[in-house]
There are 2 protein chains.
Amino acid sequence: MMMQMQTSIRDVLEADAKRIDQALDRLLPGAGEEPVSIHRAMRHSVFAGGKRLRPALCMEAARMIAGDPSARTEERRLEGIEDLGSAIEMLHTYSLIHDDLPALDNDDLRRGKPTCHVAYGEAIAILAGDALQTQAYEVLARMRCSAAQTVEIVRTIAQATGTVGGMIGGQVMDLEGETQKPTAKMVEAIHRAKTGALIRASLVSGGIYAGGLTEDVTRLHEFGSKAGLAFQIVDDVLDVTQSSEQLGKTAGKDVASDKATWPAVYGIEQSRKDAQRLIAEAFSQLDQYGDRADGLKMLAKYLVERSH
Amino acid sequence: MMMQMQTSIRDVLEADAKRIDQALDRLLPGAGEEPVSIHRAMRHSVFAGGKRLRPALCMEAARMIAGDPSARTEERRLEGIEDLGSAIEMLHTYSLIHDDLPALDNDDLRRGKPTCHVAYGEAIAILAGDALQTQAYEVLARMRCSAAQTVEIVRTIAQATGTVGGMIGGQVMDLEGETQKPTAKMVEAIHRAKTGALIRASLVSGGIYAGGLTEDVTRLHEFGSKAGLAFQIVDDVLDVTQSSEQLGKTAGKDVASDKATWPAVYGIEQSRKDAQRLIAEAFSQLDQYGDRADGLKMLAKYLVERSH
């Protein structure tokens, strides 16, 4: 039964990823378009094998809300939501490109492929990251939902990727934490900001796109807050327990460099338990939606069970 | 008479710059807010003595449109337009921070002050540039104009700062042009994209904010296209003719490094004439507005006459 569930969620994930890949191909300037170097660099990193988890979460959240009769409004159509998912993926990719730069994490490999600055040089990598952020906002400003929804989504996403509790703020805390022994409080703050905020914004913006009401947005926010932290804990655990080959990057790097990770503070067993607990708490936010929440729950469950 | 006009436009520029500085101070996270390093770095570059020319152009364009009875609509209020101007200034500053990085232009001084990476290190400078872009979109998404106007402004600005004919595209062409002798075609393409596009978008978005109609937007687009090129030609000329002290950066650097500049292709005298001709052509786009265009014309005239 569990096997079957996992197979079916894998199919959904794969179908969603394919839809996002096609949208990204349509929404990014062509590799032959001038200036070609930057467009090739953008595509190099966007199509480097990302699993499109954030877009998948965005689309599952939207499906849950769209299936809720209490949220039924005129704008409640999911058509074109792959553009929203693609913009989120562009923002995620821009952050990876800049994080990998020599002045930051100095990583040569990402998902088993040369990082952007290794393949295209540092100057183009910096600008390719910049351009993916810019392109994301252009895509958001061309979405098919209402102008009011678009503005709310732009605000949600910009805040989640900014310096105050958002993605960039998390990157800064992470950088500055490297010189000290990680504490529990610090690790949680970094995770919530660096990766948690964009995951939460993916869910919330999917809900807004689907015409969700204020209560829906609040619930998705709470769900995303818990689930996002769980996913990052699982990532930390995978980094310790899997080989470099499985990960496509240098395994154990986080621990070796005394990086702020959950297992570094709590150990592997406790980390696994914490991830499970956080997912259970996240699920309780979705009680209201009954079996309409099954898709989103299965996806979240699948993501935290990768660690076993 | 000319003297008097220049004095009055200087007063307007100064008053606008003060209004923008106050808005920027309100819209940027405080220097004491965590993580402090990035907020200090953002403020270091935003408050490094910029003349706020793009916001001034944005606000003058808005005043011209708002004074036009044919564009009178309910949303035609200029209240809060300093937030739009501030977002534009954040985008301009982010591009300067990244342009100054060692991997790009490797500049240590900007307006007589240490550049962001010199003052805060390369990692924080990269992230401070990223964060100013992000913050700009958050500010845009909180503007007081209608949602439809906001979406049109976000789209206009994102496109103008992107890779296809926009600011980042211009930076890439400029970088890649360094290895070859500049041609007329290349210099024009770089100027139109690297600096021209954001200047044009400043004018156009001011017009949209003020409730301008499609024809207004088209005229501001054409005006900005000509005027933006003229301003950049004047900048190129100033770089050759003024001392480092006057400029607050290393003078003659563009020529020395065989950079794509207008005087490098056409010489100084022809460059001055071209700037004047372009401004005259730009002015003809504003005939329709009669003396309502005086403010915008005086500002443009003031900007190209800096070269004498």
# chains A, B, ... in the order shown; residues from 1 in each chain; ligands from 1
>>> select_by_dssp(residues="segment 5-242 of chain A", states="alpha helix (DSSP H)", output="ChimeraX atom specification")
/A:5-27,36-46,53-66,81-100,116-120,122-140,147-160,167-177,184-191,197-209,214-241
>>> calpha_fit_and_write(fixed="chain A", moving="chain B", output="CSV table (one decimal) with C-alpha atoms, in the first residue's frame")
chain,number,residue,atom,x,y,z
B,1,MET,CA,0.1,0.0,0.2
B,2,MET,CA,2.9,2.4,1.1
B,3,MET,CA,4.8,1.2,-1.9
B,4,GLN,CA,1.8,2.0,-4.1
B,5,MET,CA,1.4,5.5,-2.6
B,6,GLN,CA,5.0,6.2,-3.2
B,7,THR,CA,4.8,5.1,-6.8
B,8,SER,CA,1.8,7.3,-7.5
B,9,ILE,CA,3.3,10.4,-5.9
B,10,ARG,CA,6.5,9.7,-7.9
B,11,ASP,CA,4.4,9.8,-11.0
B,12,VAL,CA,2.8,13.1,-10.0
B,13,LEU,CA,6.2,14.5,-9.2
B,14,GLU,CA,7.6,13.4,-12.5
B,15,ALA,CA,4.6,14.8,-14.5
B,16,ASP,CA,4.9,18.1,-12.6
B,17,ALA,CA,8.6,18.3,-13.2
B,18,LYS,CA,8.1,17.7,-16.9
B,19,ARG,CA,5.5,20.4,-17.1
B,20,ILE,CA,7.9,22.8,-15.3
B,21,ASP,CA,10.8,21.9,-17.5
B,22,GLN,CA,8.7,22.7,-20.6
B,23,ALA,CA,7.6,26.0,-19.1
B,24,LEU,CA,11.1,26.9,-18.2
B,25,ASP,CA,12.3,26.2,-21.7
B,26,ARG,CA,9.5,28.5,-23.0
B,27,LEU,CA,10.1,31.3,-20.4
B,28,LEU,CA,13.9,31.5,-20.6
B,29,PRO,CA,15.6,33.3,-23.5
B,30,GLY,CA,16.9,30.8,-26.1
B,31,ALA,CA,20.5,29.5,-25.9
B,32,GLY,CA,21.1,31.1,-29.3
B,33,GLU,CA,19.7,34.5,-28.3
B,34,GLU,CA,22.2,37.4,-27.8
B,35,PRO,CA,24.1,37.8,-25.6
B,36,VAL,CA,24.4,34.0,-25.9
B,37,SER,CA,26.9,33.5,-23.0
B,38,ILE,CA,24.5,34.5,-20.3
B,39,HIS,CA,21.5,32.7,-21.8
B,40,ARG,CA,23.6,29.5,-22.0
B,41,ALA,CA,24.8,30.0,-18.4
B,42,MET,CA,21.2,30.5,-17.1
B,43,ARG,CA,20.1,27.4,-18.9
B,44,HIS,CA,23.1,25.4,-17.8
B,45,SER,CA,22.1,25.8,-14.2
B,46,VAL,CA,18.3,25.8,-14.6
B,47,PHE,CA,18.5,22.4,-16.5
B,48,ALA,CA,21.2,20.8,-14.3
B,49,GLY,CA,18.9,18.1,-13.0
B,50,GLY,CA,16.9,19.9,-10.3
B,51,LYS,CA,13.9,17.9,-9.0
B,52,ARG,CA,11.5,20.9,-9.2
B,53,LEU,CA,10.3,20.2,-5.6
B,54,ARG,CA,9.3,23.8,-4.9
B,55,PRO,CA,7.1,24.0,-8.1
B,56,ALA,CA,5.6,20.6,-7.2
B,57,LEU,CA,4.7,21.9,-3.7
B,58,CYS,CA,3.3,25.1,-5.2
B,59,MET,CA,1.1,23.1,-7.6
B,60,GLU,CA,-0.1,20.6,-5.0
B,61,ALA,CA,-1.1,23.4,-2.7
B,62,ALA,CA,-3.0,25.0,-5.5
B,63,ARG,CA,-4.8,21.8,-6.3
B,64,MET,CA,-5.8,21.4,-2.7
B,65,ILE,CA,-7.2,25.0,-2.6
B,66,ALA,CA,-8.9,24.7,-6.0
B,67,GLY,CA,-10.6,21.6,-4.9
B,68,ASP,CA,-12.1,23.4,-1.9
B,69,PRO,CA,-15.6,24.6,-2.7
B,70,SER,CA,-15.3,27.4,0.0
B,71,ALA,CA,-12.6,29.0,-2.1
B,72,ARG,CA,-14.5,28.8,-5.3
B,73,THR,CA,-14.1,32.2,-7.1
B,74,GLU,CA,-13.9,33.2,-10.7
B,75,GLU,CA,-10.1,33.4,-10.7
B,76,ARG,CA,-9.8,30.0,-9.2
B,77,ARG,CA,-8.3,28.4,-12.3
B,78,LEU,CA,-5.0,26.6,-12.2
B,79,GLU,CA,-4.3,27.2,-15.9
B,80,GLY,CA,-0.9,28.7,-16.3
B,81,ILE,CA,0.3,27.9,-12.8
B,82,GLU,CA,3.4,26.3,-14.3
B,83,ASP,CA,4.6,29.8,-15.0
B,84,LEU,CA,4.5,30.6,-11.2
B,85,GLY,CA,6.3,27.3,-10.5
B,86,SER,CA,8.9,28.2,-13.1
B,87,ALA,CA,9.5,31.6,-11.6
B,88,ILE,CA,10.0,30.0,-8.2
B,89,GLU,CA,12.5,27.5,-9.7
B,90,MET,CA,14.4,30.4,-11.3
B,91,LEU,CA,14.7,32.1,-7.9
B,92,HIS,CA,15.9,28.9,-6.3
B,93,THR,CA,18.5,28.4,-9.1
B,94,TYR,CA,19.8,32.0,-8.8
B,95,SER,CA,20.4,31.4,-5.1
B,96,LEU,CA,22.3,28.2,-5.9
B,97,ILE,CA,24.5,29.9,-8.5
B,98,HIS,CA,25.5,32.7,-6.2
B,99,ASP,CA,25.9,30.3,-3.2
B,100,ASP,CA,28.4,28.2,-5.2
B,101,LEU,CA,30.6,31.2,-6.1
B,102,PRO,CA,34.3,31.2,-4.9
B,103,ALA,CA,33.5,34.1,-2.6
B,104,LEU,CA,30.7,32.1,-0.9
B,105,ASP,CA,30.7,28.3,-0.7
B,106,ASN,CA,33.3,27.8,-3.5
B,107,ASP,CA,31.6,24.6,-4.9
B,108,ASP,CA,32.8,23.2,-8.2
B,109,LEU,CA,30.1,20.5,-8.5
B,110,ARG,CA,26.3,20.7,-8.1
B,111,ARG,CA,24.2,17.6,-8.9
B,112,GLY,CA,27.3,16.0,-10.4
B,113,LYS,CA,27.8,18.8,-13.0
B,114,PRO,CA,30.2,21.7,-13.0
B,115,THR,CA,28.7,24.8,-11.2
B,116,CYS,CA,27.9,27.9,-13.3
B,117,HIS,CA,31.1,29.8,-12.6
B,118,VAL,CA,33.2,26.7,-13.4
B,119,ALA,CA,31.5,26.3,-16.7
B,120,TYR,CA,31.1,30.0,-17.7
B,121,GLY,CA,33.5,32.1,-15.5
B,122,GLU,CA,32.7,34.1,-12.4
B,123,ALA,CA,31.5,37.3,-14.1
B,124,ILE,CA,28.9,35.5,-16.2
B,125,ALA,CA,27.8,33.4,-13.2
B,126,ILE,CA,27.2,36.5,-11.1
B,127,LEU,CA,25.2,38.1,-13.9
B,128,ALA,CA,23.3,34.8,-14.7
B,129,GLY,CA,22.2,34.6,-11.1
B,130,ASP,CA,21.1,38.3,-11.2
B,131,ALA,CA,19.3,37.6,-14.5
B,132,LEU,CA,17.4,34.6,-13.2
B,133,GLN,CA,16.1,36.7,-10.4
B,134,THR,CA,15.0,39.4,-12.8
B,135,GLN,CA,13.4,36.9,-15.2
B,136,ALA,CA,11.4,35.4,-12.3
B,137,TYR,CA,9.8,38.8,-11.7
B,138,GLU,CA,9.1,39.3,-15.3
B,139,VAL,CA,7.4,35.9,-15.5
B,140,LEU,CA,5.4,36.7,-12.3
B,141,ALA,CA,4.2,40.0,-13.9
B,142,ARG,CA,2.9,38.1,-16.9
B,143,MET,CA,0.9,35.4,-15.0
B,144,ARG,CA,-2.6,34.7,-16.0
B,145,CYS,CA,-4.2,35.2,-12.6
B,146,SER,CA,-5.7,38.6,-11.6
B,147,ALA,CA,-3.5,41.7,-11.0
B,148,ALA,CA,-4.4,41.6,-7.3
B,149,GLN,CA,-3.3,38.0,-7.0
B,150,THR,CA,-0.1,38.8,-8.9
B,151,VAL,CA,0.8,41.7,-6.6
B,152,GLU,CA,0.2,39.5,-3.5
B,153,ILE,CA,2.3,36.7,-5.0
B,154,VAL,CA,5.2,39.1,-5.9
B,155,ARG,CA,5.1,40.5,-2.4
B,156,THR,CA,5.1,37.1,-0.8
B,157,ILE,CA,8.0,35.8,-2.9
B,158,ALA,CA,10.1,39.0,-2.6
B,159,GLN,CA,9.7,38.9,1.2
B,160,ALA,CA,10.6,35.2,1.4
B,161,THR,CA,13.8,35.7,-0.6
B,162,GLY,CA,14.9,38.9,1.2
B,163,THR,CA,17.2,39.7,4.1
B,164,VAL,CA,14.8,39.7,7.0
B,165,GLY,CA,13.9,36.1,7.8
B,166,GLY,CA,14.2,35.3,4.1
B,167,MET,CA,16.6,33.4,1.8
B,168,ILE,CA,19.4,36.0,1.5
B,169,GLY,CA,19.2,36.6,5.3
B,170,GLY,CA,19.7,32.9,5.8
B,171,GLN,CA,22.7,32.8,3.4
B,172,VAL,CA,24.3,35.6,5.4
B,173,MET,CA,23.7,33.9,8.7
B,174,ASP,CA,25.1,30.7,7.3
B,175,LEU,CA,28.2,32.5,6.0
B,176,GLU,CA,28.8,34.3,9.3
B,177,GLY,CA,28.1,31.2,11.4
B,178,GLU,CA,31.0,29.3,9.8
B,179,THR,CA,33.4,30.8,12.2
B,180,GLN,CA,31.6,29.6,15.3
B,181,LYS,CA,30.2,26.2,16.7
B,182,PRO,CA,26.6,25.9,15.5
B,183,THR,CA,24.0,26.2,18.2
B,184,ALA,CA,20.4,24.8,18.0
B,185,LYS,CA,18.9,28.3,17.8
B,186,MET,CA,21.3,29.3,15.1
B,187,VAL,CA,20.7,26.2,13.0
B,188,GLU,CA,16.9,26.6,13.2
B,189,ALA,CA,17.1,30.3,12.3
B,190,ILE,CA,19.3,29.6,9.3
B,191,HIS,CA,17.1,26.7,8.0
B,192,ARG,CA,13.9,28.7,8.4
B,193,ALA,CA,15.3,31.6,6.5
B,194,LYS,CA,17.7,30.1,3.9
B,195,THR,CA,15.5,27.3,2.6
B,196,GLY,CA,12.3,27.3,4.6
B,197,ALA,CA,11.1,30.7,3.5
B,198,LEU,CA,11.0,30.0,-0.2
B,199,ILE,CA,9.4,26.6,0.4
B,200,ARG,CA,6.7,28.3,2.5
B,201,ALA,CA,6.3,31.0,-0.2
B,202,SER,CA,5.9,28.3,-2.9
B,203,LEU,CA,3.0,26.8,-1.0
B,204,VAL,CA,1.4,30.1,-0.1
B,205,SER,CA,1.7,31.5,-3.6
B,206,GLY,CA,0.2,28.4,-5.0
B,207,GLY,CA,-2.7,28.9,-2.7
B,208,ILE,CA,-3.1,32.5,-3.7
B,209,TYR,CA,-3.0,31.6,-7.4
B,210,ALA,CA,-5.8,29.1,-6.8
B,211,GLY,CA,-7.9,31.8,-5.3
B,212,GLY,CA,-7.4,30.8,-1.7
B,213,LEU,CA,-9.0,32.9,1.1
B,214,THR,CA,-7.0,34.5,3.9
B,215,GLU,CA,-7.5,31.4,6.2
B,216,ASP,CA,-6.1,29.2,3.4
B,217,VAL,CA,-3.1,31.3,3.1
B,218,THR,CA,-2.5,31.3,6.9
B,219,ARG,CA,-2.8,27.5,7.0
B,220,LEU,CA,-0.4,27.0,4.1
B,221,HIS,CA,2.0,29.4,5.7
B,222,GLU,CA,2.0,27.3,9.0
B,223,PHE,CA,2.1,24.0,7.0
B,224,GLY,CA,5.1,25.3,5.0
B,225,SER,CA,6.9,26.6,8.0
B,226,LYS,CA,6.9,23.1,9.6
B,227,ALA,CA,7.3,21.1,6.5
B,228,GLY,CA,10.1,23.4,5.1
B,229,LEU,CA,12.1,22.8,8.3
B,230,ALA,CA,11.5,19.1,8.0
B,231,PHE,CA,12.8,18.9,4.4
B,232,GLN,CA,16.0,20.8,5.3
B,233,ILE,CA,16.6,18.5,8.3
B,234,VAL,CA,16.3,15.5,5.9
B,235,ASP,CA,18.7,17.2,3.5
B,236,ASP,CA,21.2,17.6,6.3
B,237,VAL,CA,20.8,13.9,7.3
B,238,LEU,CA,21.2,12.8,3.7
B,239,ASP,CA,24.5,14.8,3.4
B,240,VAL,CA,25.9,12.8,6.3
B,241,THR,CA,24.5,9.3,5.5
B,242,GLN,CA,24.8,9.1,1.7
B,243,SER,CA,27.8,8.8,-0.5
B,244,SER,CA,29.0,11.5,-2.8
B,245,GLU,CA,27.9,9.5,-5.8
B,246,GLN,CA,24.3,9.3,-4.6
B,247,LEU,CA,24.3,13.0,-3.8
B,248,GLY,CA,26.1,14.3,-6.9
B,249,LYS,CA,28.2,16.6,-4.6
B,250,THR,CA,30.9,16.2,-2.0
B,251,ALA,CA,29.2,14.3,0.8
B,252,GLY,CA,30.0,15.2,4.4
B,253,LYS,CA,31.1,18.6,3.3
B,254,ASP,CA,28.7,20.3,5.7
B,255,VAL,CA,29.9,18.4,8.7
B,256,ALA,CA,33.5,18.7,7.7
B,257,SER,CA,33.3,22.5,7.4
B,258,ASP,CA,31.5,22.7,10.8
B,259,LYS,CA,28.5,24.1,8.9
B,260,ALA,CA,25.3,24.8,10.8
B,261,THR,CA,23.3,21.5,10.3
B,262,TRP,CA,20.7,19.7,12.3
B,263,PRO,CA,22.7,16.5,12.8
B,264,ALA,CA,25.7,18.5,13.9
B,265,VAL,CA,23.6,19.8,16.9
B,266,TYR,CA,21.2,16.9,17.5
B,267,GLY,CA,22.8,13.8,15.9
B,268,ILE,CA,21.3,11.7,13.1
B,269,GLU,CA,18.7,9.7,15.0
B,270,GLN,CA,17.1,12.7,16.7
B,271,SER,CA,17.2,14.6,13.4
B,272,ARG,CA,15.1,11.9,11.8
B,273,LYS,CA,12.6,12.0,14.6
B,274,ASP,CA,12.4,15.8,14.5
B,275,ALA,CA,11.7,15.7,10.8
B,276,GLN,CA,8.9,13.1,11.3
B,277,ARG,CA,7.4,15.1,14.2
B,278,LEU,CA,7.5,18.4,12.2
B,279,ILE,CA,5.7,16.7,9.3
B,280,ALA,CA,3.0,15.4,11.6
B,281,GLU,CA,2.6,18.9,13.0
B,282,ALA,CA,2.4,20.3,9.5
B,283,PHE,CA,-0.3,17.8,8.5
B,284,SER,CA,-2.5,18.9,11.4
B,285,GLN,CA,-2.7,22.3,9.7
B,286,LEU,CA,-4.5,20.6,6.8
B,287,ASP,CA,-7.2,18.7,8.8
B,288,GLN,CA,-9.8,21.2,7.5
B,289,TYR,CA,-9.3,20.1,4.0
B,290,GLY,CA,-10.0,16.4,4.6
B,291,ASP,CA,-9.0,14.1,1.7
B,292,ARG,CA,-8.4,17.1,-0.6
B,293,ALA,CA,-5.1,17.4,1.3
B,294,ASP,CA,-4.0,13.9,0.4
B,295,GLY,CA,-1.9,14.9,-2.6
B,296,LEU,CA,0.1,17.6,-0.7
B,297,LYS,CA,0.5,15.2,2.3
B,298,MET,CA,1.8,12.4,0.2
B,299,LEU,CA,4.3,14.7,-1.5
B,300,ALA,CA,5.5,16.0,1.9
B,301,LYS,CA,5.7,12.4,3.3
B,302,TYR,CA,7.6,11.3,0.3
B,303,LEU,CA,10.1,14.1,0.7
B,304,VAL,CA,10.9,13.4,4.4
B,305,GLU,CA,11.1,9.7,3.8
B,306,ARG,CA,14.0,10.0,1.4
B,307,SER,CA,16.2,9.9,4.5
B,308,HIS,CA,15.6,6.2,5.2
>>> select_by_dssp(residues="segment 42-250 of chain B", states="strand (DSSP E or B)", output="PyMOL selection string")
chain B and resi 109-110+113-114
